[in-house]
Amino acid sequence: MGVQISIDVLGSLSLHSDHGQATPTAPKERKVIALLLMSHSRVVPVSQLVEELWHDSPPRTALTALQTYILNIRRSIAVNFALPQSVVSSELLQTKSMGYVFNTESCAFDLAEFRRLDAAGRMALRAGDQADAVRQLQRADDLWQGAALVDVERGLPLQAEVSGLEQSRQAARGLRIETVLRIGRHEEVLSELASLVLQHPFDEHLHAYYMLALQRSGRRTQALEVYHHLRRAMNDELGLEPSPDLQRLQQEILSSAAPRRRPERHLETAGAPSSDSRRMNDLLQRTRLGALPPAV
């Protein structure tokens with residue numbers, strides 16, 4: 001194709017290259033391109049695009065209007081990226097039977113890269129290389145520049161896609177944080193976890209990770225304060241108590257002695273795990289809050 005197109009959805013929507021920008025500005029065209037990109041390299045049926053644009057009240061001219069939006073998007077890409085419109089139609093935004101597909105294989109696409117790095121991190125875990133898993137999952141997390149498609153209005157189909165992607169982000173982040181805890185590099189995630197529990201005040205997994213990181217850093221009192229703050233918030237806002245798993249974790253921390261500090265290089269040495277590492281793994285396993293996802 002001769003042009004390197006970069007596409008971003010992990011934050012604001014953007015289509016750009018060295019030639020310029022081709023990000024749609026009209027709200028309905030943004031919705032169309034966003035849904036096509038979230039389903040990249042898969043056909044999106046016309047019926048799904050119509051639902052995204054008009055929910056359950058499409059006008060009689062819905063199909064004609066959709067075709068116009070597709071034409072405008074193709075024209076903008078062709079003009080702004082100095083490409084023949086025939087190339088855009090045949091290689092990028094393609095018409096398929098009963099739908100459309102945006103082929104991102106030749107593009108630098110942050111969503112595709114996130115999924116590649118997430119898969120690489122999980123593969124490294126299966127191979128037993130926890131340090132490499134942390135590196136790959138951290139690179140995946142670094143791609144995010146905010147909430148996905150933060151500047152695009154969403155109908156039900158697009159919201160479902162974004163919600164699924166956000167869950168994938170949370171799962172990858174949790175897997176990375178747990179792996180960091182397993183290999184004894186708990187201080188690396190303290191500030192991140194402090195921020196995350198503020199952003200997600202009722203997420204028990206994040207609070208469990210934060211409590212463990214604090215406890216492993218010799219800050220048991222602060223770890224217990226995190227639990228009591230969550231418990232008060234859940235009681236006041238939701239009328240609920242923390243789960244039995246989190247209560248068990250609190251009791252584990254109450255009954256534990258402050259851990260001895262060990263040089264990090266010993267924690268990643270191949271061979272038999274240290275007693276500290278075994279205790280950490282046992283604590284994560286018994287609480288079940290830290291259990292690895294089944295896909296790993």
# chains A, B, ... in the order shown; residues from 1 in each chain; ligands from 1
call {"tool": "residues_around", "arguments": {"residues": "segment 8-24 of chain A", "least_positions_apart": "3", "cutoff": "6 Å", "atoms": "only C-alpha atoms", "output": "VMD selection string"}}
result
chain A and resid 5 30 76 to 77 80 to 81 110 144 to 151
call {"tool": "write_last_selection", "arguments": {"atoms": "C-alpha atoms", "output": "tab-separated table (two decimals), in the first residue's frame"}}
result
chain	number	residue	atom	x	y	z
A	5	ILE	CA	-1.29	3.98	8.77
A	30	ARG	CA	-17.02	8.11	14.25
A	76	SER	CA	-11.29	10.94	3.79
A	77	ILE	CA	-8.72	8.15	4.09
A	80	ASN	CA	-5.65	12.52	3.62
A	81	PHE	CA	-3.35	9.54	3.12
A	110	ASP	CA	-2.72	-0.26	19.26
A	144	TRP	CA	-3.40	2.65	27.04
A	145	GLN	CA	-3.81	6.43	26.99
A	146	GLY	CA	-7.11	6.51	28.88
A	147	ALA	CA	-10.43	4.70	28.57
A	148	ALA	CA	-11.00	3.04	25.20
A	149	LEU	CA	-12.69	5.31	22.63
A	150	VAL	CA	-13.16	7.93	25.32
A	151	ASP	CA	-14.23	10.57	22.79
call {"tool": "closest_residue", "arguments": {"among": "A:Ala127, A:Ile33, A:Val46, A:Cys107", "to": "Arg74 of chain A", "atoms": "only C-alpha atoms"}}
result
A:Ile33
call {"tool": "atom_distance", "arguments": {"atom1": "atom CA of Phe114 of chain A", "atom2": "atom CA of Asp132 of chain A"}}
result
15.6 Å
call {"tool": "residues_around", "arguments": {"residues": "Ala208 of chain A", "least_positions_apart": "2", "cutoff": "8 Å", "atoms": "only C-alpha atoms", "output": "PyMOL selection string"}}
result
chain A and resi 204-206+210-212+246+249+289-290
call {"tool": "write_last_selection", "arguments": {"atoms": "C-alpha atoms", "output": "short mmCIF file (atom, residue, chain, number, x, y, z; two decimals), in the first residue's frame"}}
result
data_model
loop_
_atom_site.label_atom_id
_atom_site.label_comp_id
_atom_site.auth_asym_id
_atom_site.auth_seq_id
_atom_site.Cartn_x
_atom_site.Cartn_y
_atom_site.Cartn_z
CA GLU A 204 -11.63 -6.44 46.11
CA HIS A 205 -8.91 -7.93 43.89
CA LEU A 206 -7.04 -4.63 43.71
CA TYR A 210 -2.43 -3.64 47.62
CA MET A 211 -2.71 -5.22 51.07
CA LEU A 212 -0.25 -7.95 50.07
CA LEU A 246 -10.72 -10.81 51.71
CA LEU A 249 -6.54 -12.29 53.85
CA LEU A 289 -8.36 -13.63 45.15
CA GLY A 290 -4.98 -14.04 43.52
#
